[in-house]
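Participant: First the structure, which I've put down as structure tokens, then a few questions once you've had a look.
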Amino acid sequence: MKANILIIDDNQDIAQALQVLFTINNLQCALAYSPQDGLALLQQQHFDLVIQDMNFTADTTSGEEGMQLFNDVRQINPDIPIILITAWTHLETAVDLVKSGAADYLAKPWNDDKLLITVNNLLELNELQDQQRQRAKSKQNQQIQLEQQYNLCDMQFRSDAMLQLLQMATQVAAADVPILITGPNGSGKEKIAEVVQANSSCKNGPFIKVNVGALSQDLLEAELFGAEAGSYTGANKTRIGRFERANGGTLFLDEIGNLSMQGQAKLLRVLETGEFERIGGSQSIKVSVRIISATNTDIPKAIQSGNFREDLYYRLNVINLKLAPLNERKEDIFPLVDTLLQGKYQLSSASREVLLSHDWPGNIRELLNTIKRAQLLCVDGIITEQHLGIELIKTNKLGPKEDVTEQDVVTAIKSSSGVISDAAKSLGLSRSAFYRRMKKFDIKDV
């Protein structure tokens, strides 16, 4: 299908000359000789690009009419590329409009070859952007469908990685099989466990959590399996263990990779038989418990080094949910932050750039603490980079980042859900400069 270009220029000779140029180069073209006619056409049909004059009244050179037309076009279609073309206007006006999102600025008389190259590049990049918007819309629809069908426990996310993880988590939640959640510290493993529990067949049962790696050998058995009164010094009454308390529900064993070898042996025995005795007791207790465990340990490596039982690993790891670190899903940063701010605070553009640039070694836990700190220090409702307290390697303060990499561009697009103008702003670039980098790195599918 041919691209469709709208030319808005009061000089009919110029408009028709452009139409001839584009037609012989296999580009479809429509003409409007006034801003009003151009805006009417734009509302009636689809166009891929607009070329507009800056002055429409005789003896007018201020460019104010062109600025108004530019803003009106943006109101109708915020994403359509706009090329400004005129013989008379102030340079400052053109620069301001390019900063506001105009794709390019050409002076009359124009160079046909240069104009065609510019138009074809913009049309190609606009097609890529349309594809990205479609993917973003598809992802948003999938997220809405997931939220309507399942209880996501108020999780805030935007990344593909988290969408896919939650799709898998909700899919396997109803199956009565053990699940192992792996991921770095502070990445939200417990929250994923809550989602699994909330959508399981035992969702109305108890959800008992225990950090098994933090339990000493003396406490482990009593904590997990309970103890009879008088079974050890200080046991004045019967103690109900976590397994027994979780009967009919879910037991979440956090930091399972730190469990001692002795503790692993005892846990394996219960998982194999479903039965245990309290310390000091002789009666077997049988429970029905869904096991979800979590760890930041590389368990296969721990198995090789003799620090984790392979048979226990296979008992726990029927389904593995791998949670990526926050620096691999930075699209999730602002949904999380917006939830914390609750509309009471706003982020400055510099602070937003800092949040995207930081590597987040502490993951979501670090992000939450950073925002809490900023809220305490902020007094006027605007959170600045100083409130965040994050030290970064600074880029050139006088202008946009010069060493923009392919990964910078990809991350910016993902973080802005495919909205190129927002992605460009996050890197301190104009929209046209951002397009050029997309072209340079041949970025077509994000």
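Identifiers in this document derive from the order of the structure tokens: chains are assigned A, B, ..., residues are numbered from 1 separately in each chain, and ligands are numbered from 1 in order of occurrence.
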Quick one: DSSP alpha helix (DSSP H) residues in stretch 363-392 of chain A, as a ChimeraX atom specification?
Facilitator: /A:363-377,385-388
Participant: Using only C-alpha atoms, find each residue in stretch 259-366 of chain A having at least one atom no more than 12 Å away from stretch 193-209 of chain A; report its shortest atom-to-atom pair and that distance in Å (one decimal), rows by chain then rising number, as CSV.
Facilitator:
residue,atom,partner,partner_atom,distance
A:Ser288,CA,A:Cys202,CA,9.9
A:Val289,CA,A:Cys202,CA,8.9
A:Arg290,CA,A:Cys202,CA,8.0
A:Ile291,CA,A:Gln197,CA,9.9
A:Ile292,CA,A:Ala193,CA,6.7
A:Ser293,CA,A:Ala193,CA,8.2
A:Ala294,CA,A:Ala193,CA,8.4
A:Thr295,CA,A:Ala193,CA,11.8
A:Ile319,CA,A:Val196,CA,11.6
A:Asn320,CA,A:Ala193,CA,11.7
A:Leu321,CA,A:Ala193,CA,9.7
A:Lys322,CA,A:Ala193,CA,11.9
A:Leu323,CA,A:Ala193,CA,11.2
Participant: Put those residues in a file: N, CA and C atoms, as a PDB file, in the first residue's frame.
Facilitator:
ATOM      1  N   SER A 288      -1.952 -31.634  53.924  1.00  0.00           N
ATOM      2  CA  SER A 288      -2.035 -31.358  52.494  1.00  0.00           C
ATOM      3  C   SER A 288      -1.606 -29.910  52.290  1.00  0.00           C
ATOM      4  N   VAL A 289      -0.392 -29.739  51.792  1.00  0.00           N
ATOM      5  CA  VAL A 289       0.199 -28.411  51.699  1.00  0.00           C
ATOM      6  C   VAL A 289       0.802 -28.206  50.314  1.00  0.00           C
ATOM      7  N   ARG A 290       0.495 -27.069  49.702  1.00  0.00           N
ATOM      8  CA  ARG A 290       1.135 -26.667  48.434  1.00  0.00           C
ATOM      9  C   ARG A 290       2.457 -25.985  48.780  1.00  0.00           C
ATOM     10  N   ILE A 291       3.542 -26.453  48.192  1.00  0.00           N
ATOM     11  CA  ILE A 291       4.864 -25.901  48.485  1.00  0.00           C
ATOM     12  C   ILE A 291       5.303 -24.947  47.382  1.00  0.00           C
ATOM     13  N   ILE A 292       5.611 -23.711  47.795  1.00  0.00           N
ATOM     14  CA  ILE A 292       6.272 -22.749  46.918  1.00  0.00           C
ATOM     15  C   ILE A 292       7.566 -22.353  47.603  1.00  0.00           C
ATOM     16  N   SER A 293       8.668 -22.476  46.915  1.00  0.00           N
ATOM     17  CA  SER A 293       9.954 -22.093  47.492  1.00  0.00           C
ATOM     18  C   SER A 293      10.600 -21.027  46.622  1.00  0.00           C
ATOM     19  N   ALA A 294      11.553 -20.329  47.203  1.00  0.00           N
ATOM     20  CA  ALA A 294      12.224 -19.252  46.468  1.00  0.00           C
ATOM     21  C   ALA A 294      13.684 -19.183  46.886  1.00  0.00           C
ATOM     22  N   THR A 295      14.523 -18.740  45.958  1.00  0.00           N
ATOM     23  CA  THR A 295      15.945 -18.605  46.271  1.00  0.00           C
ATOM     24  C   THR A 295      16.620 -17.660  45.289  1.00  0.00           C
ATOM     25  N   ILE A 319       8.020 -26.806  38.718  1.00  0.00           N
ATOM     26  CA  ILE A 319       7.853 -25.616  37.866  1.00  0.00           C
ATOM     27  C   ILE A 319       8.822 -24.548  38.360  1.00  0.00           C
ATOM     28  N   ASN A 320       9.588 -23.975  37.439  1.00  0.00           N
ATOM     29  CA  ASN A 320      10.527 -22.911  37.803  1.00  0.00           C
ATOM     30  C   ASN A 320      10.057 -21.585  37.215  1.00  0.00           C
ATOM     31  N   LEU A 321       9.815 -20.607  38.071  1.00  0.00           N
ATOM     32  CA  LEU A 321       9.469 -19.254  37.645  1.00  0.00           C
ATOM     33  C   LEU A 321      10.694 -18.378  37.850  1.00  0.00           C
ATOM     34  N   LYS A 322      11.281 -17.906  36.749  1.00  0.00           N
ATOM     35  CA  LYS A 322      12.509 -17.120  36.813  1.00  0.00           C
ATOM     36  C   LYS A 322      12.169 -15.632  36.758  1.00  0.00           C
ATOM     37  N   LEU A 323      12.496 -14.928  37.832  1.00  0.00           N
ATOM     38  CA  LEU A 323      12.201 -13.504  37.943  1.00  0.00           C
ATOM     39  C   LEU A 323      13.442 -12.695  37.582  1.00  0.00           C
TER      40      LEU A 323
END
Participant: Which residues, written as a PyMOL selection string, have at least one atom at most 9 Å from A:Phe441, with only C-alpha atoms counted and residues fewer than 6 positions away on the same chain left out?
Facilitator: chain A and resi 405-406+409
Participant: Write out the residues from the selection above, keeping N, CA, C and O atoms, as a PDB file, in the first residue's frame.
Facilitator:
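Dumped to again-v1.pdb:
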ATOM      1  N   THR A 405      23.976   4.358  22.913  1.00  0.00           N
ATOM      2  CA  THR A 405      24.232   3.033  22.353  1.00  0.00           C
ATOM      3  C   THR A 405      22.943   2.412  21.850  1.00  0.00           C
ATOM      4  O   THR A 405      21.833   2.912  22.109  1.00  0.00           O
ATOM      5  N   GLU A 406      23.086   1.315  21.149  1.00  0.00           N
ATOM      6  CA  GLU A 406      21.909   0.580  20.676  1.00  0.00           C
ATOM      7  C   GLU A 406      21.041   0.137  21.845  1.00  0.00           C
ATOM      8  O   GLU A 406      19.814   0.239  21.793  1.00  0.00           O
ATOM      9  N   VAL A 409      18.885   2.957  23.190  1.00  0.00           N
ATOM     10  CA  VAL A 409      17.710   3.211  22.352  1.00  0.00           C
ATOM     11  C   VAL A 409      16.636   2.155  22.605  1.00  0.00           C
ATOM     12  O   VAL A 409      15.461   2.479  22.779  1.00  0.00           O
TER      13      VAL A 409
END
Participant: Within 9 Å of A:Gln346, counting only C-alpha atoms, which residues qualify if same-chain residues fewer than 3 places away don't, as a PDB file with N, CA and C atoms, in the first residue's frame?
Facilitator:
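What follows is the written file selection09.pdb:
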ATOM      1  N   ASP A 338       4.787   5.164  40.372  1.00  0.00           N
ATOM      2  CA  ASP A 338       3.505   5.877  40.369  1.00  0.00           C
ATOM      3  C   ASP A 338       2.580   5.365  41.470  1.00  0.00           C
ATOM      4  N   LEU A 341       3.813   6.910  44.718  1.00  0.00           N
ATOM      5  CA  LEU A 341       3.592   8.360  44.830  1.00  0.00           C
ATOM      6  C   LEU A 341       2.127   8.716  44.998  1.00  0.00           C
ATOM      7  N   GLY A 343      -0.087   9.958  43.238  1.00  0.00           N
ATOM      8  CA  GLY A 343      -0.538  11.243  42.717  1.00  0.00           C
ATOM      9  C   GLY A 343      -0.208  12.429  43.596  1.00  0.00           C
ATOM     10  N   GLY A 381       6.333  18.834  46.476  1.00  0.00           N
ATOM     11  CA  GLY A 381       5.604  17.910  45.618  1.00  0.00           C
ATOM     12  C   GLY A 381       6.328  17.512  44.353  1.00  0.00           C
ATOM     13  N   ILE A 382       7.503  18.113  44.083  1.00  0.00           N
ATOM     14  CA  ILE A 382       8.292  17.779  42.897  1.00  0.00           C
ATOM     15  C   ILE A 382       9.563  17.063  43.347  1.00  0.00           C
ATOM     16  N   ILE A 383       9.681  15.803  42.985  1.00  0.00           N
ATOM     17  CA  ILE A 383      10.869  15.021  43.349  1.00  0.00           C
ATOM     18  C   ILE A 383      11.973  15.261  42.325  1.00  0.00           C
ATOM     19  N   THR A 384      13.104  15.767  42.788  1.00  0.00           N
ATOM     20  CA  THR A 384      14.241  16.056  41.917  1.00  0.00           C
ATOM     21  C   THR A 384      15.290  14.946  42.045  1.00  0.00           C
TER      22      THR A 384
END
Participant: Considering only C-alpha atoms, can you say which of A:Leu326, A:Ile24, A:Ile413, A:Ala222 comes closest to A:Gly183?
Facilitator: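 Looking only at the distances to A:Gly183, the closest residue turns out to be A:Leu326.
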Participant: Assign secondary structure with DSSP using the backbone only, and return the residues of stretch 37-121 of chain A in strand (DSSP E) as a PyMOL selection string.
Facilitator: chain A and resi 49-52+82-86+104-107
Participant: Would you compute the distance between atom CA of A:Asn247 and atom CA of A:Gln149? Give it in Å to one decimal.
Facilitator: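 Atom CA of A:Gln149 lies 26.7 Å from atom CA of A:Asn247.
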Participant: If we count only C-alpha atoms and set the cut-off at 10 Å, which residues sit around stretch 311-315 of chain A, ignoring sequence neighbours fewer than 6 positions away in its own chain? Please answer as a PyMOL selection string.
Facilitator: chain A and resi 177-180+256-257+264-265+267-269+271-272+291+299-300+303
